[in-house]
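A.B. asks: my_file33.cif is the file, holding mmCIF, C-alpha atoms and all ligand atoms:
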```
data_query
#
loop_
_atom_site.label_atom_id
_atom_site.label_comp_id
_atom_site.auth_asym_id
_atom_site.auth_seq_id
_atom_site.Cartn_x
_atom_site.Cartn_y
_atom_site.Cartn_z
CA TYR G 1 22.53 -29.31 18.99
CA ILE G 2 26.04 -29.03 17.83
CA VAL G 3 27.57 -25.62 18.17
CA LYS G 4 31.23 -24.89 17.72
CA ASP G 5 31.91 -22.49 20.55
CA GLY G 6 30.63 -21.16 23.82
CA ILE G 7 29.31 -17.92 22.43
CA SER G 8 27.17 -19.68 19.83
CA ALA G 9 25.91 -22.04 22.50
CA LEU G 10 24.98 -19.13 24.72
CA LYS G 11 23.27 -17.29 21.88
CA TYR G 12 21.37 -20.38 20.94
CA ALA G 13 20.21 -21.09 24.46
CA THR G 14 19.23 -17.45 24.94
CA THR G 15 17.08 -17.54 21.82
CA ILE G 16 15.24 -20.59 23.05
CA VAL G 17 14.83 -19.29 26.59
CA ASN G 18 13.64 -15.89 25.36
CA ARG G 19 11.09 -17.51 23.16
CA ILE G 20 9.86 -19.72 25.98
CA ILE G 21 9.59 -16.83 28.41
CA LYS G 22 8.11 -14.35 25.97
CA ASN G 23 5.61 -16.51 24.15
CA LYS G 24 4.14 -19.12 26.34
CA ASN G 25 1.22 -20.06 24.15
CA ILE G 26 2.33 -20.14 20.56
CA LYS G 27 0.30 -22.63 18.60
CA VAL G 28 1.61 -24.37 15.51
CA LEU G 29 -0.78 -26.33 13.33
CA VAL G 30 0.78 -29.29 11.55
CA VAL G 31 -1.13 -30.75 8.59
CA ASP G 32 0.11 -33.99 7.11
CA ASP G 33 -1.46 -37.27 6.04
CA SER G 34 1.52 -39.15 7.46
CA LYS G 35 1.01 -40.05 11.11
CA THR G 36 4.75 -40.63 11.47
CA PHE G 37 5.49 -37.10 10.34
CA LEU G 38 2.83 -35.66 12.64
CA LYS G 39 4.39 -37.48 15.56
CA GLN G 40 7.89 -36.21 14.72
CA ALA G 41 6.73 -32.64 14.30
CA ASN G 42 4.69 -32.87 17.48
CA ASP G 43 7.69 -34.02 19.52
CA LEU G 44 9.95 -31.32 18.09
CA LEU G 45 7.46 -28.55 18.73
CA GLU G 46 6.84 -29.71 22.27
CA LYS G 47 10.55 -29.70 22.88
CA TYR G 48 10.61 -25.99 22.04
CA LYS G 49 7.61 -25.36 24.28
CA LEU G 50 5.38 -24.54 21.35
CA ILE G 51 1.86 -25.92 21.31
CA PRO G 52 1.31 -28.38 18.45
CA LEU G 53 -2.11 -28.89 16.92
CA LEU G 54 -2.30 -31.81 14.51
CA SER G 55 -4.44 -32.53 11.50
CA THR G 56 -4.36 -35.16 8.76
CA ASN G 57 -6.16 -33.15 6.09
CA GLY G 58 -6.73 -29.65 4.78
CA GLU G 59 -10.44 -29.45 5.45
CA GLU G 60 -10.02 -30.27 9.11
CA ALA G 61 -7.08 -27.87 9.29
CA LEU G 62 -9.25 -24.97 8.12
CA LYS G 63 -11.79 -25.82 10.79
CA ILE G 64 -9.08 -25.87 13.48
CA LEU G 65 -7.86 -22.47 12.25
CA GLU G 66 -11.36 -21.07 12.59
CA ASP G 67 -11.66 -22.36 16.15
CA ASN G 68 -8.25 -21.11 17.32
CA ASN G 69 -7.45 -17.46 16.70
CA ASP G 70 -3.96 -17.72 18.15
CA ILE G 71 -2.27 -20.09 15.72
CA LYS G 72 0.92 -18.47 14.44
CA ILE G 73 2.27 -21.05 12.04
CA VAL G 74 0.74 -23.68 9.77
CA LEU G 75 3.19 -26.36 8.75
CA THR G 76 1.60 -28.16 5.84
CA ASP G 77 2.44 -31.11 3.67
CA TYR G 78 2.18 -30.84 -0.14
CA LEU G 79 0.44 -34.06 -1.20
CA MET G 80 -2.53 -35.08 0.87
CA PRO G 81 -5.84 -36.70 -0.05
CA LYS G 82 -9.00 -34.58 -0.26
CA MET G 83 -7.36 -31.16 -0.05
CA ASP G 84 -3.68 -30.84 -0.90
CA GLY G 85 -1.23 -28.26 0.41
CA ILE G 86 -1.74 -26.02 -2.62
CA GLU G 87 -5.47 -25.72 -2.06
CA LEU G 88 -4.98 -25.34 1.69
CA THR G 89 -2.43 -22.54 1.23
CA ARG G 90 -4.74 -20.81 -1.24
CA LYS G 91 -7.68 -21.03 1.16
CA ILE G 92 -5.58 -19.84 4.10
CA ARG G 93 -4.34 -16.82 2.14
CA SER G 94 -7.87 -15.81 1.18
CA LYS G 95 -8.57 -15.37 4.89
CA TYR G 96 -5.31 -14.72 6.74
CA SER G 97 -2.56 -12.38 5.65
CA LYS G 98 1.12 -13.25 5.58
CA ASP G 99 1.86 -10.97 8.50
CA GLU G 100 -0.59 -12.66 10.87
CA LEU G 101 -0.14 -16.33 10.00
CA SER G 102 2.93 -18.02 8.59
CA VAL G 103 2.55 -20.96 6.23
CA ILE G 104 5.53 -23.27 5.98
CA VAL G 105 5.27 -26.05 3.41
CA THR G 106 7.06 -29.37 3.80
CA SER G 107 7.48 -31.94 1.09
CA SER G 108 9.79 -34.76 0.13
CA ASP G 109 9.04 -34.15 -3.54
CA SER G 110 12.25 -33.16 -5.27
CA ASN G 111 10.58 -31.27 -8.11
CA SER G 112 12.38 -27.97 -7.90
CA ARG G 113 9.33 -26.02 -9.06
CA ILE G 114 7.25 -26.85 -6.02
CA PRO G 115 8.77 -24.36 -3.56
CA SER G 116 8.32 -21.41 -5.92
CA LYS G 117 4.77 -22.51 -6.68
CA PHE G 118 3.96 -22.36 -2.98
CA LEU G 119 5.78 -19.11 -2.38
CA LYS G 120 3.83 -17.50 -5.22
CA LEU G 121 0.61 -18.63 -3.58
CA GLY G 122 1.59 -16.86 -0.40
CA ALA G 123 3.44 -19.50 1.60
CA ASN G 124 6.11 -17.93 3.80
CA ASP G 125 8.65 -20.69 3.67
CA PHE G 126 9.48 -24.13 2.29
CA LEU G 127 11.16 -26.96 4.13
CA LYS G 128 12.33 -30.04 2.28
CA LYS G 129 11.44 -33.21 4.18
CA GLY G 130 14.41 -34.97 5.68
CA PHE G 131 15.33 -31.70 7.37
CA SER G 132 17.48 -31.72 10.47
CA LYS G 133 16.11 -30.83 13.88
CA GLU G 134 18.20 -27.71 13.83
CA GLU G 135 16.85 -26.57 10.46
CA PHE G 136 13.32 -27.20 11.68
CA PHE G 137 13.86 -25.07 14.75
CA VAL G 138 15.68 -22.29 12.92
CA ARG G 139 12.90 -22.00 10.32
CA ILE G 140 10.13 -22.00 12.91
CA ASN G 141 12.10 -19.48 14.92
CA SER G 142 12.77 -17.12 12.04
CA ASN G 143 9.12 -17.22 10.98
CA LEU G 144 8.03 -16.39 14.53
CA GLU G 145 10.55 -13.57 14.63
CA ILE G 146 9.14 -12.06 11.45
CA LEU G 147 5.60 -12.27 12.84
CA GLU G 148 6.82 -10.55 16.01
CA LEU G 149 8.43 -7.78 13.97
CA PHE G 150 5.11 -7.25 12.21
CA ASP G 151 3.32 -7.14 15.56
CA ASP G 152 5.80 -4.58 16.91
CA MET G 153 5.41 -2.49 13.80
CA LYS G 154 1.61 -2.64 13.93
CA ASN G 155 1.69 -1.61 17.58
CA LYS G 156 3.87 1.36 16.73
CA ILE G 157 1.60 2.42 13.90
CA ASN G 158 -1.75 1.80 15.57
CA LYS G 159 -1.13 2.73 19.17
CA ASP G 160 -0.63 5.92 21.05
CA TYR G 161 2.83 5.83 22.57
CA MET G 162 1.88 7.64 25.78
CA THR G 163 -1.16 5.61 26.86
CA GLY G 164 -0.83 2.40 24.89
CA LEU G 165 -4.40 2.92 23.68
CA TYR G 166 -5.25 2.79 19.98
CA ASN G 167 -4.64 6.05 18.16
CA ARG G 168 -7.08 8.18 16.20
CA ARG G 169 -6.14 6.79 12.80
CA TYR G 170 -6.64 3.20 13.92
CA PHE G 171 -9.89 4.08 15.66
CA PHE G 172 -11.46 5.37 12.46
CA GLU G 173 -9.97 2.62 10.33
CA ILE G 174 -11.20 -0.23 12.53
CA GLY G 175 -14.35 1.71 13.41
CA LYS G 176 -15.40 1.46 9.78
CA THR G 177 -14.86 -2.30 9.77
CA ILE G 178 -16.81 -2.71 13.00
CA TYR G 179 -19.61 -0.56 11.59
CA GLU G 180 -19.81 -2.70 8.42
CA LYS G 181 -19.85 -5.86 10.53
CA SER G 182 -22.62 -4.45 12.73
CA LYS G 183 -24.75 -3.70 9.67
CA LYS G 184 -24.19 -7.15 8.22
CA LEU G 185 -24.93 -9.01 11.45
CA ASN G 186 -27.63 -6.61 12.59
CA LYS G 187 -25.86 -5.63 15.82
CA ILE G 188 -25.90 -2.26 17.55
CA ILE G 189 -22.92 0.01 18.04
CA SER G 190 -22.61 3.02 20.34
CA ILE G 191 -19.94 5.66 20.74
CA ALA G 192 -18.77 7.60 23.79
CA ILE G 193 -16.34 10.53 23.78
CA ILE G 194 -14.57 11.36 27.02
CA ASP G 195 -12.84 14.67 27.65
CA ILE G 196 -10.97 15.80 30.76
CA ASP G 197 -12.55 18.86 32.37
CA ASP G 198 -10.48 22.03 32.66
CA PHE G 199 -7.40 20.18 31.61
CA LYS G 200 -5.54 23.37 30.83
CA LYS G 201 -5.73 24.21 34.53
CA ILE G 202 -4.06 20.92 35.43
CA ASN G 203 -1.21 21.73 33.06
CA ASP G 204 -1.00 25.32 34.27
CA THR G 205 -1.18 24.47 37.97
CA TYR G 206 0.92 21.33 38.20
CA GLY G 207 2.91 21.28 34.98
CA HIS G 208 2.94 19.24 31.84
CA ASN G 209 4.21 16.03 33.47
CA ILE G 210 1.28 15.87 35.84
CA GLY G 211 -0.95 16.70 32.87
CA ASP G 212 0.50 13.67 31.11
CA TYR G 213 -0.07 11.60 34.22
CA ALA G 214 -3.74 12.67 34.26
CA ILE G 215 -4.08 11.53 30.63
CA LYS G 216 -2.44 8.19 31.39
CA TYR G 217 -4.68 7.78 34.41
CA VAL G 218 -7.79 8.08 32.21
CA ALA G 219 -6.38 5.34 29.98
CA LYS G 220 -5.81 3.16 33.04
CA ILE G 221 -9.36 3.64 34.35
CA LEU G 222 -10.83 2.92 30.92
CA ASN G 223 -8.72 -0.20 30.51
CA GLU G 224 -9.69 -1.43 33.96
CA ASN G 225 -13.40 -0.87 33.52
CA ILE G 226 -14.08 -1.67 29.90
CA LEU G 227 -13.94 -5.11 28.30
CA SER G 228 -10.63 -5.68 26.55
CA SER G 229 -12.50 -6.57 23.35
CA THR G 230 -13.93 -3.03 23.19
CA LEU G 231 -12.18 -0.48 21.00
CA ILE G 232 -10.76 2.28 23.21
CA SER G 233 -8.75 5.06 21.67
CA ARG G 234 -7.02 8.32 22.49
CA ILE G 235 -8.32 10.47 19.66
CA GLY G 236 -6.77 13.74 20.78
CA GLY G 237 -4.76 15.41 23.54
CA GLU G 238 -7.05 14.70 26.51
CA GLU G 239 -9.88 13.21 24.54
CA PHE G 240 -10.80 9.54 24.31
CA CYS G 241 -13.30 7.56 22.34
CA ILE G 242 -14.96 4.21 22.98
CA LEU G 243 -16.77 2.15 20.36
CA PHE G 244 -19.18 -0.31 21.94
CA TYR G 245 -20.25 -3.27 19.83
CA ASN G 246 -23.41 -5.23 20.58
CA ARG G 247 -23.85 -3.83 24.09
CA GLU G 248 -27.14 -2.80 25.65
CA LYS G 249 -27.95 0.86 26.25
CA GLU G 250 -28.61 0.39 29.98
CA GLU G 251 -25.33 -1.43 30.49
CA ILE G 252 -23.37 1.36 28.76
CA GLU G 253 -25.20 4.09 30.68
CA LYS G 254 -24.33 2.46 33.97
CA LEU G 255 -20.72 1.89 32.95
CA LEU G 256 -20.16 5.50 31.85
CA GLU G 257 -21.76 6.84 35.01
CA ASP G 258 -19.51 4.57 37.11
CA ILE G 259 -16.45 5.79 35.25
CA ARG G 260 -17.44 9.44 35.68
CA LYS G 261 -17.91 8.87 39.43
CA LYS G 262 -14.50 7.25 39.74
CA PHE G 263 -12.91 10.59 38.84
CA GLU G 264 -15.29 12.62 40.97
CA ASN G 265 -14.48 10.50 44.02
CA ASN G 266 -10.83 9.58 43.51
CA LEU G 267 -8.05 11.64 44.94
CA ILE G 268 -5.05 11.02 42.72
CA GLU G 269 -1.71 10.76 44.44
CA VAL G 270 1.46 11.20 42.49
CA GLU G 271 4.77 11.89 44.17
CA ASP G 272 3.97 14.45 46.92
CA LEU G 273 0.96 15.75 45.11
CA LYS G 274 -2.70 15.02 45.74
CA PHE G 275 -5.23 16.27 43.23
CA LYS G 276 -8.56 15.59 41.70
CA TYR G 277 -10.13 16.19 38.31
CA THR G 278 -13.31 15.28 36.55
CA ILE G 279 -14.31 14.15 33.09
CA SER G 280 -17.25 14.87 30.80
CA ILE G 281 -18.74 12.25 28.54
CA GLY G 282 -20.87 12.51 25.42
CA CYS G 283 -22.50 9.32 24.20
CA THR G 284 -24.87 8.33 21.43
CA PHE G 285 -27.26 5.47 20.76
CA GLU G 286 -28.27 6.68 17.30
CA TYR G 287 -28.34 3.19 15.84
CA GLY G 288 -27.87 2.72 12.12
CA LYS G 289 -25.69 5.80 11.70
CA ASN G 290 -22.13 5.48 10.46
CA ILE G 291 -19.08 6.26 12.59
CA ASP G 292 -18.65 9.87 11.44
CA GLU G 293 -22.33 10.60 12.04
CA MET G 294 -22.25 8.94 15.45
CA MET G 295 -19.17 10.96 16.36
CA GLN G 296 -21.12 14.12 15.68
CA PHE G 297 -23.96 12.99 17.94
CA ALA G 298 -21.56 12.00 20.71
CA ASP G 299 -19.80 15.33 20.31
CA LYS G 300 -23.10 17.15 20.80
CA GLY G 301 -23.59 15.17 24.00
CA LEU G 302 -20.12 16.19 25.14
CA TYR G 303 -20.86 19.80 24.34
CA ASP G 304 -24.03 19.59 26.45
CA ALA G 305 -22.09 17.99 29.30
CA LYS G 306 -19.55 20.83 29.22
CA ASN G 307 -22.26 23.49 28.98
CA SER G 308 -24.24 22.12 31.88
CA GLY G 309 -21.36 22.45 34.31
CA ARG G 310 -18.98 19.59 33.32
CA ASN G 311 -18.56 16.30 35.23
CA LYS G 312 -21.63 14.93 33.44
CA VAL G 313 -22.61 12.20 31.01
CA ARG G 314 -24.93 13.46 28.27
CA TYR G 315 -26.64 11.75 25.33
P1 LIG M 1 -12.76 21.71 28.89
O1 LIG M 1 -13.26 21.38 30.25
O2 LIG M 1 -13.66 22.62 28.15
O3 LIG M 1 -12.44 20.49 28.08
O4 LIG M 1 -11.42 22.52 29.12
P2 LIG M 1 -9.93 22.11 28.80
O5 LIG M 1 -9.03 22.99 29.60
O6 LIG M 1 -9.77 20.68 29.01
O7 LIG M 1 -9.84 22.55 27.30
P3 LIG M 1 -9.14 21.97 26.07
O8 LIG M 1 -9.77 20.70 25.62
O9 LIG M 1 -9.14 23.07 25.05
O10 LIG M 1 -7.66 21.73 26.58
C1 LIG M 1 -6.84 20.82 26.02
C2 LIG M 1 -5.43 21.09 26.47
O11 LIG M 1 -4.73 19.87 26.51
C3 LIG M 1 -4.68 21.97 25.54
C4 LIG M 1 -3.32 21.32 25.38
O12 LIG M 1 -2.30 22.19 25.79
C5 LIG M 1 -3.36 20.15 26.33
N1 LIG M 1 -2.72 18.96 25.83
C6 LIG M 1 -2.94 18.34 24.64
N2 LIG M 1 -2.19 17.21 24.55
C7 LIG M 1 -1.49 17.12 25.71
C8 LIG M 1 -0.55 16.16 26.21
O13 LIG M 1 -0.21 15.15 25.58
N3 LIG M 1 -0.05 16.36 27.46
C9 LIG M 1 -0.41 17.45 28.21
N4 LIG M 1 0.12 17.58 29.42
N5 LIG M 1 -1.26 18.38 27.74
C10 LIG M 1 -1.82 18.21 26.52
MG MG M 2 1.53 -36.39 2.08
MG MG M 3 -10.90 19.20 28.09
MG MG M 4 -10.46 18.61 24.66
#
```
Output the file's structure as structure tokens, nothing else.
C.D. replies:
Amino acid sequence: YIVKDGISALKYATTIVNRIIKNKNIKVLVVDDSKTFLKQANDLLEKYKLIPLLSTNGEEALKILEDNNDIKIVLTDYLMPKMDGIELTRKIRSKYSKDELSVIVTSSDSNSRIPSKFLKLGANDFLKKGFSKEEFFVRINSNLEILELFDDMKNKINKDYMTGLYNRRYFFEIGKTIYEKSKKLNKIISIAIIDIDDFKKINDTYGHNIGDYAIKYVAKILNENILSSTLISRIGGEEFCILFYNREKEEIEKLLEDIRKKFENNLIEVEDLKFKYTISIGCTFEYGKNIDEMMQFADKGLYDAKNSGRNKVRY
């Protein structure tokens, strides 16, 4: 790379190093009927520590996309036999949005209408073949940066700042999607609501910071004990909700009981303070009901748990 001064060189190197450190497993799918081009792209991507996946046609490319849910960029040729870049871009956009997967089109065709045609179809970028190594890298880099910005933004919108768990809005939004999927695929879903017992006392006795710590500690225990693919959310102050998908009743019962016991038995140590608190859980297995209905059933369970002395799991 030719840079004109030390500062540019440093900036450039920092960008590359940051990318390498931050994103170890970024996959880029290259689709081109020219083996020579595939080889060139492969070598360039490897140089930047990105993971190249290669395909010579659109149909195969779609299959690869289905099998790998962590591809960030598709770099596709325009003219290819069987399925050309236009059709591929169209098919990709019917399934993946612009903010989750970047499509960069490459072509040596000098028809000036081609780039706009692709951009209208939902391609993110266009790269005229014969590009320099630097242009290649800069384009890949800027597309990755935009995807990262989207990710950051989505995290800010969907997650609870204090615990890092999904927030209430996201829980109900995604909950609906999961419910629809469960109906379509004939899978069961269950909901559990978790509420800290006598939380006001914790705040009153030890102060708001320790109260916050107690909330964060619940998030930690839930994250540690529940599969990462399960939707866990902080739906209110000291109230959490779990949406189980396709999990057996017995398995969930055991899990919730284990989690309840963890609080009953754990002495929490923070700074010079040692304290203990318990949680109550309401859960429902009313299969076939929608999310709002299930929430009501789980809430009844929670109400029972509170009324029968707290530190209980009720259904
Ligand atoms: P119960 O066993 O019936 O659930 O009793 P509780 O004291 O936990 O009752 P309640 O659910 O009404 O108490 C919730 C309290 O949580 C009230 C509110 O001041 C406090 N709270 C809500 N959000 C936060 C927060 O982010 N941090 C802290 N420290 N307190 C919070
Ligand atoms: Mg071609
Ligand atoms: Mg409470
Ligand atoms: Mg509460």
A.B. asks: Report the distance between atom O1 of ligand LIG 1 (chain M) and CA of Glu239 (chain G) in Å, rounded to one decimal place.
C.D. replies: 10.5 Å
A.B. asks: Could you report the residues within 12 Å of ligand MG 2 (chain M), using only C-alpha atoms and all ligand atoms, as a PyMOL selection string?
C.D. replies: chain G and resi 30-38+55-58+76-86+105-109+129
A.B. asks: As a VMD selection string, please: the residues near Leu50 (chain G) (cut-off 6 Å, all atoms listed in the file, same-chain neighbours under 4 positions excluded).
C.D. replies: chain G and resid 26 45 to 46
A.B. asks: Convert the current residue selection to file output with C-alpha atoms, as a short mmCIF file (atom, residue, chain, number, x, y, z; two decimals), in the coordinates of the input.
C.D. replies:
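Output (selection-v1.cif):
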```cif
data_model
loop_
_atom_site.label_atom_id
_atom_site.label_comp_id
_atom_site.auth_asym_id
_atom_site.auth_seq_id
_atom_site.Cartn_x
_atom_site.Cartn_y
_atom_site.Cartn_z
CA ILE G 26 2.33 -20.14 20.56
CA LEU G 45 7.46 -28.55 18.73
CA GLU G 46 6.84 -29.71 22.27
#
```
A.B. asks: For a quick check of understanding, using only C-alpha atoms and all ligand atoms, which of G:Thr284, G:Asn203, G:Thr230, G:Asn290 has the smallest distance to ligand MG 3 (chain M)?
C.D. replies: G:Asn203
A.B. asks: Would you compute the distance between CA of Lys187 (chain G) and CA of Arg234 (chain G)? Give it in Å to one decimal.
C.D. replies: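 Taking CA of Lys187 (chain G) as the start and CA of Arg234 (chain G) as the end point, the length is 24.4 Å.
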A.B. asks: Please measure the separation of CA of Glu60 (chain G) and CA of Glu134 (chain G), giving the value in Å to one decimal.
C.D. replies: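 Those two atoms sit 28.7 Å apart.
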A.B. asks: Just checking: using all atoms listed in the file, which residue out of G:Phe244, G:Tyr213, G:Phe126, G:Phe118 ends up closest to Asn143 (chain G)?
C.D. replies: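 When distances to Asn143 (chain G) are compared using all atoms listed in the file, the smallest one comes from G:Phe126.
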A.B. asks: Which one of G:Ile140, G:Ile193, G:Ile178, G:Ile226 sits closest to ligand MG 3 (chain M) if you count only C-alpha atoms and all ligand atoms?
C.D. replies: G:Ile193
A.B. asks: Can I get the residues close to ligand MG 4 (chain M) as a list in words, where close means within 12 Å and we count all atoms listed in the file?
C.D. replies: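 The neighbouring residues of ligand MG 4 (chain M) are, in order, Ile193, Ile194, Asp195, Ile196, Asp197, Asp198, Phe199, Lys200, Ile215, Arg234, Ile235, Gly236, Gly237, Glu238, Glu239, Phe240, Cys241, Ile279, Ser280, Ile281, Asp299, Leu302, Tyr303 and Lys306 of chain G.
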A.B. asks: Only C-alpha atoms, please: the residues just picked out, written as a PDB file, keeping the file's coordinate frame.
C.D. replies:
```
ATOM      1  CA  ILE G 193     -16.340  10.530  23.780  1.00  0.00           C
ATOM      2  CA  ILE G 194     -14.570  11.360  27.020  1.00  0.00           C
ATOM      3  CA  ASP G 195     -12.840  14.670  27.650  1.00  0.00           C
ATOM      4  CA  ILE G 196     -10.970  15.800  30.760  1.00  0.00           C
ATOM      5  CA  ASP G 197     -12.550  18.860  32.370  1.00  0.00           C
ATOM      6  CA  ASP G 198     -10.480  22.030  32.660  1.00  0.00           C
ATOM      7  CA  PHE G 199      -7.400  20.180  31.610  1.00  0.00           C
ATOM      8  CA  LYS G 200      -5.540  23.370  30.830  1.00  0.00           C
ATOM      9  CA  ILE G 215      -4.080  11.530  30.630  1.00  0.00           C
ATOM     10  CA  ARG G 234      -7.020   8.320  22.490  1.00  0.00           C
ATOM     11  CA  ILE G 235      -8.320  10.470  19.660  1.00  0.00           C
ATOM     12  CA  GLY G 236      -6.770  13.740  20.780  1.00  0.00           C
ATOM     13  CA  GLY G 237      -4.760  15.410  23.540  1.00  0.00           C
ATOM     14  CA  GLU G 238      -7.050  14.700  26.510  1.00  0.00           C
ATOM     15  CA  GLU G 239      -9.880  13.210  24.540  1.00  0.00           C
ATOM     16  CA  PHE G 240     -10.800   9.540  24.310  1.00  0.00           C
ATOM     17  CA  CYS G 241     -13.300   7.560  22.340  1.00  0.00           C
ATOM     18  CA  ILE G 279     -14.310  14.150  33.090  1.00  0.00           C
ATOM     19  CA  SER G 280     -17.250  14.870  30.800  1.00  0.00           C
ATOM     20  CA  ILE G 281     -18.740  12.250  28.540  1.00  0.00           C
ATOM     21  CA  ASP G 299     -19.800  15.330  20.310  1.00  0.00           C
ATOM     22  CA  LEU G 302     -20.120  16.190  25.140  1.00  0.00           C
ATOM     23  CA  TYR G 303     -20.860  19.800  24.340  1.00  0.00           C
ATOM     24  CA  LYS G 306     -19.550  20.830  29.220  1.00  0.00           C
TER      25      LYS G 306
END
```
A.B. asks: First collect every listed atom of region 122-130 of chain G; then fit an axis-aligned box around them, widen it by 5 Å on each side, and give centre and edge lengths in Å to one decimal, as JSON.
C.D. replies:
```
{"center_x": 8.0, "center_y": -25.9, "center_z": 2.6, "size_x": 22.8, "size_y": 28.1, "size_z": 16.1}
```
A.B. asks: Please list as number ranges by chain every residue within 9 Å of Glu100 (chain G), counting all atoms listed in the file and excluding residues in the same chain fewer than 2 positions away.
C.D. replies: G: 72-73, 96-98, 102, 147, 150-151
A.B. asks: As a list of chain:residue names, please: the residues near Leu29 (chain G) (cut-off 7 Å, only C-alpha atoms, same-chain neighbours under 4 positions excluded).
C.D. replies: G:Pro52, G:Leu53, G:Leu54, G:Ile71, G:Ile73, G:Val74, G:Leu75
A.B. asks: Which residues, written as a tab-separated table (two decimals) with C-alpha atoms, in the coordinates of the input, have at least one atom at most 10 Å from Phe297 (chain G), with only C-alpha atoms counted and residues fewer than 2 positions away on the same chain left out?
C.D. replies:
```
chain	number	residue	atom	x	y	z
G	191	ILE	CA	-19.94	5.66	20.74
G	192	ALA	CA	-18.77	7.60	23.79
G	193	ILE	CA	-16.34	10.53	23.78
G	282	GLY	CA	-20.87	12.51	25.42
G	283	CYS	CA	-22.50	9.32	24.20
G	284	THR	CA	-24.87	8.33	21.43
G	285	PHE	CA	-27.26	5.47	20.76
G	286	GLU	CA	-28.27	6.68	17.30
G	289	LYS	CA	-25.69	5.80	11.70
G	291	ILE	CA	-19.08	6.26	12.59
G	292	ASP	CA	-18.65	9.87	11.44
G	293	GLU	CA	-22.33	10.60	12.04
G	294	MET	CA	-22.25	8.94	15.45
G	295	MET	CA	-19.17	10.96	16.36
G	299	ASP	CA	-19.80	15.33	20.31
G	300	LYS	CA	-23.10	17.15	20.80
G	301	GLY	CA	-23.59	15.17	24.00
G	302	LEU	CA	-20.12	16.19	25.14
G	303	TYR	CA	-20.86	19.80	24.34
G	315	TYR	CA	-26.64	11.75	25.33
```
A.B. asks: Nearest residue to Val313 (chain G) out of G:Glu264, G:Glu253, G:Glu271, G:Glu145, using all atoms listed in the file?
C.D. replies: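 The answer is G:Glu253, which sits nearest to Val313 (chain G).
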A.B. asks: So, with only C-alpha atoms and all ligand atoms as the atoms that count, which of G:Lys274, G:Lys220, G:Lys312, G:Lys201 lies closest to ligand LIG 1 (chain M)?
C.D. replies: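 The answer is G:Lys201, which sits nearest to ligand LIG 1 (chain M).
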A.B. asks: Please determine, counting only C-alpha atoms and all ligand atoms, which residue among G:Ile92, G:Leu10, G:Leu256, G:Met162 has the shortest atom-to-atom distance to ligand LIG 1 (chain M).
C.D. replies: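 Selected residue with least distance to ligand LIG 1 (chain M): G:Met162.
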A.B. asks: From the block I gave, I'd like region 125-137 of chain G written with N, CA and C atoms, as a compact mmCIF listing (two decimals), in the first residue's frame.
C.D. replies:
```txt
# COMPACT_ATOMS: atom_id res chain seq x y z
N ASP G 125 -23.21 -1.96 -3.11
CA ASP G 125 -22.05 -1.29 -3.69
C ASP G 125 -21.72 -1.90 -5.05
N PHE G 126 -20.96 -1.17 -5.84
CA PHE G 126 -20.54 -1.67 -7.15
C PHE G 126 -19.05 -1.41 -7.33
N LEU G 127 -18.37 -2.43 -7.83
CA LEU G 127 -16.93 -2.34 -7.98
C LEU G 127 -16.57 -2.74 -9.40
N LYS G 128 -16.03 -1.79 -10.16
CA LYS G 128 -15.69 -2.10 -11.55
C LYS G 128 -14.45 -3.00 -11.58
N LYS G 129 -14.53 -4.10 -12.33
CA LYS G 129 -13.38 -5.01 -12.39
C LYS G 129 -12.16 -4.30 -12.97
N GLY G 130 -11.00 -4.72 -12.46
CA GLY G 130 -9.78 -4.01 -12.79
C GLY G 130 -9.42 -3.10 -11.63
N PHE G 131 -10.18 -3.23 -10.55
CA PHE G 131 -9.96 -2.41 -9.36
C PHE G 131 -8.59 -2.69 -8.74
N SER G 132 -8.11 -1.71 -8.02
CA SER G 132 -6.82 -1.89 -7.34
C SER G 132 -7.05 -2.65 -6.04
N LYS G 133 -5.96 -3.19 -5.50
CA LYS G 133 -6.06 -3.89 -4.22
C LYS G 133 -6.59 -2.95 -3.15
N GLU G 134 -6.10 -1.72 -3.21
CA GLU G 134 -6.52 -0.76 -2.19
C GLU G 134 -8.01 -0.47 -2.28
N GLU G 135 -8.52 -0.29 -3.51
CA GLU G 135 -9.96 -0.03 -3.65
C GLU G 135 -10.77 -1.21 -3.13
N PHE G 136 -10.31 -2.40 -3.46
CA PHE G 136 -10.99 -3.61 -3.00
C PHE G 136 -11.10 -3.60 -1.47
N PHE G 137 -9.97 -3.35 -0.83
CA PHE G 137 -9.97 -3.38 0.63
C PHE G 137 -10.84 -2.27 1.22
```
